[in-house]
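As stored in query-v9.pdb (PDB, C-alpha atoms, pLDDT in the B column):
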ATOM      1  CA  MET A   1      75.468 334.002 233.072  1.00 95.00           C
ATOM      2  CA  ARG A   2      77.950 335.532 235.523  1.00 93.00           C
ATOM      3  CA  THR A   3      75.501 338.316 236.405  1.00 93.00           C
ATOM      4  CA  LEU A   4      72.249 336.329 236.693  1.00 93.00           C
ATOM      5  CA  ASP A   5      72.086 336.940 240.448  1.00 92.00           C
ATOM      6  CA  SER A   6      70.643 340.384 239.760  1.00 90.00           C
ATOM      7  CA  LEU A   7      67.678 339.006 237.791  1.00 92.00           C
ATOM      8  CA  SER A   8      64.382 337.515 238.911  1.00 93.00           C
ATOM      9  CA  LYS A   9      64.138 333.771 239.559  1.00 93.00           C
ATOM     10  CA  ALA A  10      62.003 333.291 236.439  1.00 94.00           C
ATOM     11  CA  LYS A  11      64.549 335.017 234.208  1.00 95.00           C
ATOM     12  CA  GLN A  12      67.413 333.132 235.845  1.00 95.00           C
ATOM     13  CA  LEU A  13      65.746 329.823 235.096  1.00 95.00           C
ATOM     14  CA  LYS A  14      64.902 330.791 231.509  1.00 96.00           C
ATOM     15  CA  ILE A  15      68.401 332.004 230.609  1.00 96.00           C
ATOM     16  CA  ALA A  16      70.185 329.186 232.451  1.00 96.00           C
ATOM     17  CA  SER A  17      68.021 326.520 230.794  1.00 96.00           C
ATOM     18  CA  GLU A  18      68.655 328.072 227.382  1.00 96.00           C
ATOM     19  CA  THR A  19      72.391 328.110 228.087  1.00 96.00           C
ATOM     20  CA  LEU A  20      72.473 324.422 229.025  1.00 96.00           C
ATOM     21  CA  TYR A  21      70.392 323.484 225.987  1.00 96.00           C
ATOM     22  CA  LEU A  22      72.082 325.656 223.371  1.00 96.00           C
ATOM     23  CA  TYR A  23      75.209 327.617 224.285  1.00 96.00           C
ATOM     24  CA  ALA A  24      77.148 325.067 226.371  1.00 95.00           C
ATOM     25  CA  PRO A  25      76.803 322.378 223.635  1.00 93.00           C
ATOM     26  CA  LEU A  26      77.792 325.007 221.051  1.00 93.00           C
ATOM     27  CA  ALA A  27      80.943 325.856 223.035  1.00 90.00           C
ATOM     28  CA  HIS A  28      81.713 322.129 223.190  1.00 87.00           C
ATOM     29  CA  ARG A  29      81.225 321.816 219.435  1.00 85.00           C
ATOM     30  CA  LEU A  30      83.681 324.657 218.858  1.00 84.00           C
ATOM     31  CA  GLY A  31      86.246 323.094 221.200  1.00 80.00           C
ATOM     32  CA  LEU A  32      85.985 325.921 223.756  1.00 85.00           C
ATOM     33  CA  TYR A  33      86.256 323.654 226.792  1.00 85.00           C
ATOM     34  CA  PRO A  34      86.903 326.244 229.545  1.00 87.00           C
ATOM     35  CA  LEU A  35      83.880 328.224 228.303  1.00 92.00           C
ATOM     36  CA  LYS A  36      81.750 325.075 228.024  1.00 93.00           C
ATOM     37  CA  THR A  37      82.640 324.058 231.587  1.00 93.00           C
ATOM     38  CA  GLU A  38      81.838 327.462 233.054  1.00 95.00           C
ATOM     39  CA  LEU A  39      78.531 327.699 231.184  1.00 96.00           C
ATOM     40  CA  GLU A  40      77.514 324.224 232.394  1.00 96.00           C
ATOM     41  CA  ASP A  41      78.391 324.986 236.012  1.00 96.00           C
ATOM     42  CA  LEU A  42      76.589 328.328 235.953  1.00 96.00           C
ATOM     43  CA  GLY A  43      73.621 326.711 234.253  1.00 96.00           C
ATOM     44  CA  LEU A  44      73.419 324.099 237.004  1.00 96.00           C
ATOM     45  CA  LYS A  45      73.809 326.804 239.658  1.00 96.00           C
ATOM     46  CA  PHE A  46      70.561 328.457 238.566  1.00 96.00           C
ATOM     47  CA  THR A  47      68.535 325.401 237.484  1.00 95.00           C
ATOM     48  CA  LYS A  48      69.485 323.032 240.332  1.00 94.00           C
ATOM     49  CA  SER A  49      70.769 325.438 242.957  1.00 94.00           C
ATOM     50  CA  GLU A  50      70.620 323.061 245.947  1.00 94.00           C
ATOM     51  CA  ILE A  51      72.503 320.335 244.096  1.00 93.00           C
ATOM     52  CA  TYR A  52      75.074 322.845 242.848  1.00 95.00           C
ATOM     53  CA  LYS A  53      75.597 324.223 246.355  1.00 95.00           C
ATOM     54  CA  ALA A  54      75.971 320.782 247.940  1.00 93.00           C
ATOM     55  CA  ILE A  55      78.629 319.649 245.455  1.00 93.00           C
ATOM     56  CA  ALA A  56      80.475 322.999 245.623  1.00 94.00           C
ATOM     57  CA  GLU A  57      80.629 322.748 249.418  1.00 93.00           C
ATOM     58  CA  LYS A  58      81.929 319.176 249.246  1.00 90.00           C
ATOM     59  CA  LEU A  59      84.666 320.235 246.811  1.00 90.00           C
ATOM     60  CA  GLN A  60      85.620 323.132 249.072  1.00 90.00           C
ATOM     61  CA  GLU A  61      85.795 320.837 252.121  1.00 89.00           C
ATOM     62  CA  THR A  62      88.209 318.490 250.356  1.00 85.00           C
ATOM     63  CA  LYS A  63      90.276 321.213 248.624  1.00 87.00           C
ATOM     64  CA  ASP A  64      93.339 321.091 250.918  1.00 89.00           C
ATOM     65  CA  GLU A  65      93.354 317.299 251.010  1.00 87.00           C
ATOM     66  CA  ARG A  66      93.078 317.202 247.220  1.00 86.00           C
ATOM     67  CA  LYS A  67      95.990 319.614 246.720  1.00 89.00           C
ATOM     68  CA  LYS A  68      98.244 317.539 248.983  1.00 91.00           C
ATOM     69  CA  TYR A  69      97.273 314.359 247.171  1.00 90.00           C
ATOM     70  CA  ILE A  70      97.991 315.859 243.725  1.00 90.00           C
ATOM     71  CA  ILE A  71     101.448 317.031 244.853  1.00 92.00           C
ATOM     72  CA  LYS A  72     102.233 313.573 246.211  1.00 93.00           C
ATOM     73  CA  PHE A  73     100.810 311.858 243.116  1.00 93.00           C
ATOM     74  CA  SER A  74     102.809 314.066 240.735  1.00 94.00           C
ATOM     75  CA  LYS A  75     106.177 313.857 242.519  1.00 95.00           C
ATOM     76  CA  PRO A  76     107.513 310.577 241.001  1.00 95.00           C
ATOM     77  CA  ILE A  77     106.205 311.560 237.550  1.00 95.00           C
ATOM     78  CA  LYS A  78     108.023 314.909 237.708  1.00 95.00           C
ATOM     79  CA  THR A  79     111.258 313.179 238.693  1.00 95.00           C
ATOM     80  CA  LYS A  80     110.962 310.745 235.781  1.00 95.00           C
ATOM     81  CA  LEU A  81     110.220 313.485 233.242  1.00 95.00           C
ATOM     82  CA  LYS A  82     113.199 315.510 234.430  1.00 95.00           C
ATOM     83  CA  GLU A  83     115.442 312.458 234.121  1.00 95.00           C
ATOM     84  CA  HIS A  84     114.458 312.240 230.451  1.00 94.00           C
ATOM     85  CA  ASN A  85     115.018 315.982 229.900  1.00 93.00           C
ATOM     86  CA  LEU A  86     111.415 316.698 228.995  1.00 93.00           C
ATOM     87  CA  LYS A  87     110.089 320.230 229.471  1.00 93.00           C
ATOM     88  CA  PHE A  88     106.666 320.059 231.054  1.00 94.00           C
ATOM     89  CA  SER A  89     104.081 321.471 233.411  1.00 94.00           C
ATOM     90  CA  ILE A  90     101.821 319.460 235.717  1.00 94.00           C
ATOM     91  CA  THR A  91      98.627 320.898 237.160  1.00 92.00           C
ATOM     92  CA  GLY A  92      95.720 319.416 239.080  1.00 89.00           C
ATOM     93  CA  ARG A  93      92.112 320.513 239.088  1.00 85.00           C
ATOM     94  CA  PRO A  94      88.756 319.245 240.344  1.00 83.00           C
ATOM     95  CA  LYS A  95      86.225 318.015 237.815  1.00 86.00           C
ATOM     96  CA  SER A  96      83.460 320.475 237.081  1.00 91.00           C
ATOM     97  CA  ILE A  97      80.420 320.498 239.348  1.00 93.00           C
ATOM     98  CA  PHE A  98      78.242 319.759 236.317  1.00 94.00           C
ATOM     99  CA  SER A  99      80.237 316.651 235.337  1.00 91.00           C
ATOM    100  CA  ILE A 100      80.290 315.362 238.923  1.00 92.00           C
ATOM    101  CA  ARG A 101      76.519 315.798 239.123  1.00 93.00           C
ATOM    102  CA  ASN A 102      76.108 313.901 235.824  1.00 91.00           C
ATOM    103  CA  LYS A 103      78.085 310.961 237.195  1.00 88.00           C
ATOM    104  CA  ILE A 104      76.019 310.953 240.385  1.00 90.00           C
ATOM    105  CA  VAL A 105      72.790 310.841 238.346  1.00 90.00           C
ATOM    106  CA  LYS A 106      73.900 308.360 235.670  1.00 88.00           C
ATOM    107  CA  LYS A 107      75.488 305.893 238.075  1.00 86.00           C
ATOM    108  CA  GLY A 108      73.052 306.345 240.945  1.00 88.00           C
ATOM    109  CA  ILE A 109      75.808 307.047 243.467  1.00 87.00           C
ATOM    110  CA  ASP A 110      76.634 309.763 245.989  1.00 85.00           C
ATOM    111  CA  PHE A 111      79.469 312.299 245.928  1.00 86.00           C
ATOM    112  CA  ASP A 112      81.873 310.125 247.918  1.00 80.00           C
ATOM    113  CA  ASN A 113      81.564 307.308 245.394  1.00 79.00           C
ATOM    114  CA  VAL A 114      82.449 309.375 242.328  1.00 80.00           C
ATOM    115  CA  PHE A 115      85.830 307.786 241.775  1.00 73.00           C
ATOM    116  CA  ASP A 116      87.619 310.451 239.699  1.00 73.00           C
ATOM    117  CA  LYS A 117      86.667 313.812 241.149  1.00 81.00           C
ATOM    118  CA  PHE A 118      89.866 315.474 239.977  1.00 81.00           C
ATOM    119  CA  ALA A 119      92.285 315.303 237.075  1.00 88.00           C
ATOM    120  CA  VAL A 120      96.010 315.841 236.615  1.00 94.00           C
ATOM    121  CA  ARG A 121      97.101 317.486 233.374  1.00 94.00           C
ATOM    122  CA  ILE A 122     100.611 317.018 231.978  1.00 96.00           C
ATOM    123  CA  VAL A 123     101.572 319.428 229.198  1.00 96.00           C
ATOM    124  CA  ILE A 124     104.881 318.833 227.430  1.00 96.00           C
ATOM    125  CA  ASP A 125     106.875 321.324 225.392  1.00 94.00           C
ATOM    126  CA  SER A 126     107.511 319.178 222.349  1.00 92.00           C
ATOM    127  CA  SER A 127     108.026 319.717 218.630  1.00 91.00           C
ATOM    128  CA  LEU A 128     105.256 318.925 216.168  1.00 90.00           C
ATOM    129  CA  GLU A 129     107.283 316.004 214.816  1.00 91.00           C
ATOM    130  CA  SER A 130     107.789 314.310 218.184  1.00 93.00           C
ATOM    131  CA  GLU A 131     104.753 315.385 220.223  1.00 94.00           C
ATOM    132  CA  LYS A 132     102.733 312.196 219.692  1.00 94.00           C
ATOM    133  CA  SER A 133     105.580 309.854 220.588  1.00 94.00           C
ATOM    134  CA  ASP A 134     106.486 312.074 223.559  1.00 95.00           C
ATOM    135  CA  CYS A 135     102.889 311.927 224.842  1.00 96.00           C
ATOM    136  CA  TRP A 136     102.973 308.141 224.702  1.00 96.00           C
ATOM    137  CA  ARG A 137     106.344 308.157 226.478  1.00 95.00           C
ATOM    138  CA  VAL A 138     104.795 310.203 229.267  1.00 96.00           C
ATOM    139  CA  TYR A 139     101.891 307.742 229.370  1.00 96.00           C
ATOM    140  CA  SER A 140     104.355 304.868 229.850  1.00 95.00           C
ATOM    141  CA  PHE A 141     106.044 306.756 232.703  1.00 96.00           C
ATOM    142  CA  VAL A 142     102.708 307.393 234.440  1.00 96.00           C
ATOM    143  CA  THR A 143     101.677 303.748 234.152  1.00 95.00           C
ATOM    144  CA  ASP A 144     105.064 302.649 235.495  1.00 94.00           C
ATOM    145  CA  PHE A 145     104.010 304.182 238.805  1.00 95.00           C
ATOM    146  CA  TYR A 146     100.230 303.775 238.759  1.00 95.00           C
ATOM    147  CA  LYS A 147      97.981 301.010 237.497  1.00 93.00           C
ATOM    148  CA  PRO A 148      95.754 302.157 234.610  1.00 93.00           C
ATOM    149  CA  ASN A 149      92.122 301.235 234.088  1.00 90.00           C
ATOM    150  CA  PRO A 150      92.166 299.752 230.538  1.00 87.00           C
ATOM    151  CA  ASP A 151      88.533 300.726 229.995  1.00 88.00           C
ATOM    152  CA  ARG A 152      89.315 304.397 230.632  1.00 86.00           C
ATOM    153  CA  LEU A 153      91.994 305.032 227.991  1.00 92.00           C
ATOM    154  CA  ARG A 154      90.962 307.705 225.481  1.00 93.00           C
ATOM    155  CA  ASP A 155      93.309 308.270 222.553  1.00 95.00           C
ATOM    156  CA  TRP A 156      92.393 311.573 220.931  1.00 94.00           C
ATOM    157  CA  ILE A 157      95.955 311.974 219.677  1.00 94.00           C
ATOM    158  CA  SER A 158      95.777 309.306 216.980  1.00 92.00           C
ATOM    159  CA  THR A 159      92.186 310.302 216.162  1.00 91.00           C
ATOM    160  CA  PRO A 160      91.378 313.893 217.200  1.00 89.00           C
ATOM    161  CA  LYS A 161      87.788 314.894 217.905  1.00 86.00           C
ATOM    162  CA  GLU A 162      85.824 316.652 215.165  1.00 81.00           C
ATOM    163  CA  ASN A 163      86.351 320.001 216.897  1.00 78.00           C
ATOM    164  CA  GLY A 164      90.138 319.557 216.757  1.00 82.00           C
ATOM    165  CA  TYR A 165      90.622 318.425 220.364  1.00 87.00           C
ATOM    166  CA  GLU A 166      93.751 316.322 220.851  1.00 92.00           C
ATOM    167  CA  SER A 167      94.776 314.707 224.122  1.00 93.00           C
ATOM    168  CA  LEU A 168      95.556 311.389 225.714  1.00 95.00           C
ATOM    169  CA  HIS A 169      93.362 310.548 228.714  1.00 94.00           C
ATOM    170  CA  THR A 170      93.846 307.685 231.114  1.00 93.00           C
ATOM    171  CA  THR A 171      92.510 306.914 234.584  1.00 92.00           C
ATOM    172  CA  VAL A 172      94.970 305.346 237.009  1.00 93.00           C
ATOM    173  CA  MET A 173      94.814 304.141 240.583  1.00 90.00           C
ATOM    174  CA  GLY A 174      96.963 306.205 242.893  1.00 85.00           C
ATOM    175  CA  GLU A 175      97.775 305.632 246.522  1.00 81.00           C
ATOM    176  CA  ASP A 176      94.960 304.825 248.953  1.00 79.00           C
ATOM    177  CA  GLY A 177      92.968 303.311 246.078  1.00 81.00           C
ATOM    178  CA  LYS A 178      91.998 306.697 244.631  1.00 83.00           C
ATOM    179  CA  TRP A 179      91.307 306.933 240.910  1.00 86.00           C
ATOM    180  CA  VAL A 180      92.873 309.884 239.131  1.00 90.00           C
ATOM    181  CA  GLU A 181      92.274 310.974 235.546  1.00 91.00           C
ATOM    182  CA  VAL A 182      95.527 311.964 233.821  1.00 95.00           C
ATOM    183  CA  GLN A 183      95.433 314.120 230.686  1.00 95.00           C
ATOM    184  CA  ILE A 184      98.585 314.194 228.553  1.00 96.00           C
ATOM    185  CA  ARG A 185      99.073 316.647 225.709  1.00 96.00           C
ATOM    186  CA  SER A 186     101.586 318.971 224.026  1.00 95.00           C
ATOM    187  CA  LYS A 187     101.570 322.761 224.347  1.00 93.00           C
ATOM    188  CA  ARG A 188     100.052 322.985 220.864  1.00 92.00           C
ATOM    189  CA  MET A 189      97.284 320.540 221.814  1.00 91.00           C
ATOM    190  CA  ASP A 190      96.676 322.435 225.050  1.00 91.00           C
ATOM    191  CA  GLU A 191      96.275 325.727 223.212  1.00 89.00           C
ATOM    192  CA  ILE A 192      93.701 324.139 220.913  1.00 86.00           C
ATOM    193  CA  ALA A 193      91.861 322.688 223.929  1.00 83.00           C
ATOM    194  CA  GLU A 194      91.774 326.120 225.578  1.00 81.00           C
ATOM    195  CA  LYS A 195      91.012 328.285 222.529  1.00 79.00           C
ATOM    196  CA  GLY A 196      89.113 325.872 220.305  1.00 67.00           C
ATOM    197  CA  TYR A 197      88.782 326.178 216.542  1.00 54.00           C
ATOM    198  CA  ALA A 198      90.665 329.486 216.357  1.00 57.00           C
ATOM    199  CA  ALA A 199      93.880 327.810 217.536  1.00 54.00           C
ATOM    200  CA  HIS A 200      93.159 324.668 215.523  1.00 52.00           C
ATOM    201  CA  TRP A 201      92.777 326.741 212.342  1.00 54.00           C
ATOM    202  CA  LYS A 202      95.943 328.704 213.092  1.00 58.00           C
ATOM    203  CA  TYR A 203      98.032 325.547 213.393  1.00 53.00           C
ATOM    204  CA  LYS A 204      96.398 324.047 210.313  1.00 55.00           C
ATOM    205  CA  GLN A 205      97.321 327.091 208.240  1.00 55.00           C
ATOM    206  CA  GLU A 206     100.893 326.972 209.540  1.00 55.00           C
ATOM    207  CA  GLY A 207     101.095 323.297 208.614  1.00 54.00           C
ATOM    208  CA  ASP A 208      99.838 323.990 205.090  1.00 51.00           C
ATOM    209  CA  LYS A 209     102.564 326.540 204.377  1.00 51.00           C
TER     210      LYS A 209
END
Let me see the structure of the file written as structure tokens.
Amino acid sequence: MRTLDSLSKAKQLKIASETLYLYAPLAHRLGLYPLKTELEDLGLKFTKSEIYKAIAEKLQETKDERKKYIIKFSKPIKTKLKEHNLKFSITGRPKSIFSIRNKIVKKGIDFDNVFDKFAVRIVIDSSLESEKSDCWRVYSFVTDFYKPNPDRLRDWISTPKENGYESLHTTVMGEDGKWVEVQIRSKRMDEIAEKGYAAHWKYKQEGDK
């Protein structure tokens, strides 16, 4: 998929369509989210090139503004986590081009009206015994500063997905009325989200010993 530029348009379309139909869903099923996201974006790039290009350009135009906003958004949360002696990392990232395009299509809106174009991920270094309670503590800190949308809470900590994915997702309103998706998880959960079933199986075997 990364080297499709060298192929003919017909082959590009065939391989990209096959990837969106088969391999991206398979990556999702296996919990390989970074791979799934890249396959979806590359698939869109070669099946809907104009749409892909337009969204990519919009994301690039707002990149600096987005980075400043994430830093400002994260500042009070970082202070609170440090006060409670939690070890953590906070990163921000834009949503994938594919997912933004899906929201535009499903909701019949334009790019500017997609309300959560980026997400903030909080990963805590917590023991297996306390990781769930620590994630909920972090959630309470986030919602102390920002108002959550009750319809956008996703608890995959209490009930993990079938592919082993565990995380707590909420969407909150930051400053200037901007909605931000916040993902909260432990280092163990993050490794499973990044590496899929391989990491999930590793931790399961360790837990069975």
When the PyMOL selection byres ((chain A and resi 149) around 10) is applied to the file above, which residues end up in the set, as a tab-separated table (two decimals) with C-alpha atoms, in the coordinates of the input?
chain	number	residue	atom	x	y	z
A	143	THR	CA	101.68	303.75	234.15
A	146	TYR	CA	100.23	303.77	238.76
A	147	LYS	CA	97.98	301.01	237.50
A	148	PRO	CA	95.75	302.16	234.61
A	150	PRO	CA	92.17	299.75	230.54
A	151	ASP	CA	88.53	300.73	230.00
A	152	ARG	CA	89.32	304.40	230.63
A	153	LEU	CA	91.99	305.03	227.99
A	170	THR	CA	93.85	307.68	231.11
A	171	THR	CA	92.51	306.91	234.58
A	172	VAL	CA	94.97	305.35	237.01
A	173	MET	CA	94.81	304.14	240.58
A	179	TRP	CA	91.31	306.93	240.91
A	181	GLU	CA	92.27	310.97	235.55
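From atom CA of Lys48 of chain A back to atom CA of Lys11 of chain A, the distance works out to 14.3 Å.
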Distance criterion (all atoms listed in the file): nearest to Leu35 of chain A out of A:Ile90, A:Ser96, A:Lys161, A:Lys72: A:Ser96
Residues within 7 Å of (84.0, 320.9, 242.4), file coords, all atoms listed in the file, listed as a ChimeraX atom specification: /A:55-56,59,94-97
Selection export as a PDB file, in the frame of the given file, atoms kept: C-alpha atoms:
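Listed below is the output, again_2.pdb:
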ATOM      1  CA  ILE A  55      78.629 319.649 245.455  1.00 93.00           C
ATOM      2  CA  ALA A  56      80.475 322.999 245.623  1.00 94.00           C
ATOM      3  CA  LEU A  59      84.666 320.235 246.811  1.00 90.00           C
ATOM      4  CA  PRO A  94      88.756 319.245 240.344  1.00 83.00           C
ATOM      5  CA  LYS A  95      86.225 318.015 237.815  1.00 86.00           C
ATOM      6  CA  SER A  96      83.460 320.475 237.081  1.00 91.00           C
ATOM      7  CA  ILE A  97      80.420 320.498 239.348  1.00 93.00           C
TER       8      ILE A  97
END
Glu194 of chain A surroundings by all atoms listed in the file, 10 Å radius, close-in-sequence under 5 positions cut, as a PyMOL selection string: chain A and resi 31-35+165+189+199
Expansion of the PyMOL selection byres ((chain A and resi 37-39) around 9) into residues, as a ChimeraX atom specification: /A:1-2,16,19-20,23-24,27-28,32-36,40-44,96-99
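Interatomic distance, atom CA of Arg185 of chain A to atom CA of Val123 of chain A: 5.1 Å.
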Computed interatomic separation between atom CA of Ala119 of chain A and atom CA of Leu4 of chain A (Å): 29.0 Å
Is it possible to add N, CA, C and O atoms to segment 114-130 of chain A and hand it back as an mmCIF file, in the frame of the given file?
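Final file, part_28.cif:
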data_model
loop_
_atom_site.group_PDB
_atom_site.id
_atom_site.type_symbol
_atom_site.label_atom_id
_atom_site.label_comp_id
_atom_site.auth_asym_id
_atom_site.auth_seq_id
_atom_site.Cartn_x
_atom_site.Cartn_y
_atom_site.Cartn_z
ATOM 1 N N VAL A 114 81.967 308.959 243.649
ATOM 2 C CA VAL A 114 82.449 309.375 242.328
ATOM 3 C C VAL A 114 83.960 309.170 242.357
ATOM 4 O O VAL A 114 84.664 309.837 243.115
ATOM 5 N N PHE A 115 84.462 308.240 241.547
ATOM 6 C CA PHE A 115 85.830 307.786 241.775
ATOM 7 C C PHE A 115 86.914 308.676 241.161
ATOM 8 O O PHE A 115 88.074 308.564 241.508
ATOM 9 N N ASP A 116 86.582 309.560 240.239
ATOM 10 C CA ASP A 116 87.619 310.451 239.699
ATOM 11 C C ASP A 116 87.138 311.893 239.749
ATOM 12 O O ASP A 116 86.784 312.478 238.748
ATOM 13 N N LYS A 117 87.186 312.451 240.947
ATOM 14 C CA LYS A 117 86.667 313.812 241.149
ATOM 15 C C LYS A 117 87.674 314.892 240.739
ATOM 16 O O LYS A 117 87.354 316.068 240.762
ATOM 17 N N PHE A 118 88.894 314.488 240.430
ATOM 18 C CA PHE A 118 89.866 315.474 239.977
ATOM 19 C C PHE A 118 90.777 314.860 238.923
ATOM 20 O O PHE A 118 90.856 313.644 238.767
ATOM 21 N N ALA A 119 91.422 315.742 238.170
ATOM 22 C CA ALA A 119 92.285 315.303 237.075
ATOM 23 C C ALA A 119 93.645 315.976 237.192
ATOM 24 O O ALA A 119 93.767 317.090 237.712
ATOM 25 N N VAL A 120 94.660 315.291 236.701
ATOM 26 C CA VAL A 120 96.010 315.841 236.615
ATOM 27 C C VAL A 120 96.334 316.019 235.138
ATOM 28 O O VAL A 120 96.139 315.102 234.340
ATOM 29 N N ARG A 121 96.783 317.204 234.771
ATOM 30 C CA ARG A 121 97.101 317.486 233.374
ATOM 31 C C ARG A 121 98.607 317.668 233.212
ATOM 32 O O ARG A 121 99.225 318.472 233.915
ATOM 33 N N ILE A 122 99.180 316.918 232.285
ATOM 34 C CA ILE A 122 100.611 317.018 231.978
ATOM 35 C C ILE A 122 100.743 317.601 230.573
ATOM 36 O O ILE A 122 100.259 317.019 229.604
ATOM 37 N N VAL A 123 101.375 318.766 230.487
ATOM 38 C CA VAL A 123 101.572 319.428 229.198
ATOM 39 C C VAL A 123 103.067 319.463 228.906
ATOM 40 O O VAL A 123 103.853 319.985 229.708
ATOM 41 N N ILE A 124 103.460 318.891 227.771
ATOM 42 C CA ILE A 124 104.881 318.833 227.430
ATOM 43 C C ILE A 124 105.202 319.818 226.310
ATOM 44 O O ILE A 124 104.395 320.056 225.419
ATOM 45 N N ASP A 125 106.393 320.399 226.416
ATOM 46 C CA ASP A 125 106.875 321.324 225.392
ATOM 47 C C ASP A 125 107.643 320.498 224.372
ATOM 48 O O ASP A 125 108.813 320.176 224.554
ATOM 49 N N SER A 126 106.957 320.128 223.306
ATOM 50 C CA SER A 126 107.511 319.178 222.349
ATOM 51 C C SER A 126 107.289 319.678 220.931
ATOM 52 O O SER A 126 106.319 320.395 220.658
ATOM 53 N N SER A 127 108.168 319.303 220.023
ATOM 54 C CA SER A 127 108.026 319.717 218.630
ATOM 55 C C SER A 127 106.873 318.978 217.979
ATOM 56 O O SER A 127 106.442 317.919 218.453
ATOM 57 N N LEU A 128 106.373 319.534 216.888
ATOM 58 C CA LEU A 128 105.256 318.925 216.168
ATOM 59 C C LEU A 128 105.605 317.516 215.717
ATOM 60 O O LEU A 128 104.754 316.623 215.737
ATOM 61 N N GLU A 129 106.858 317.300 215.332
ATOM 62 C CA GLU A 129 107.283 316.004 214.816
ATOM 63 C C GLU A 129 107.315 314.924 215.898
ATOM 64 O O GLU A 129 107.079 313.749 215.627
ATOM 65 N N SER A 130 107.610 315.316 217.130
ATOM 66 C CA SER A 130 107.789 314.310 218.184
ATOM 67 C C SER A 130 106.715 314.329 219.260
ATOM 68 O O SER A 130 106.758 313.536 220.204
#
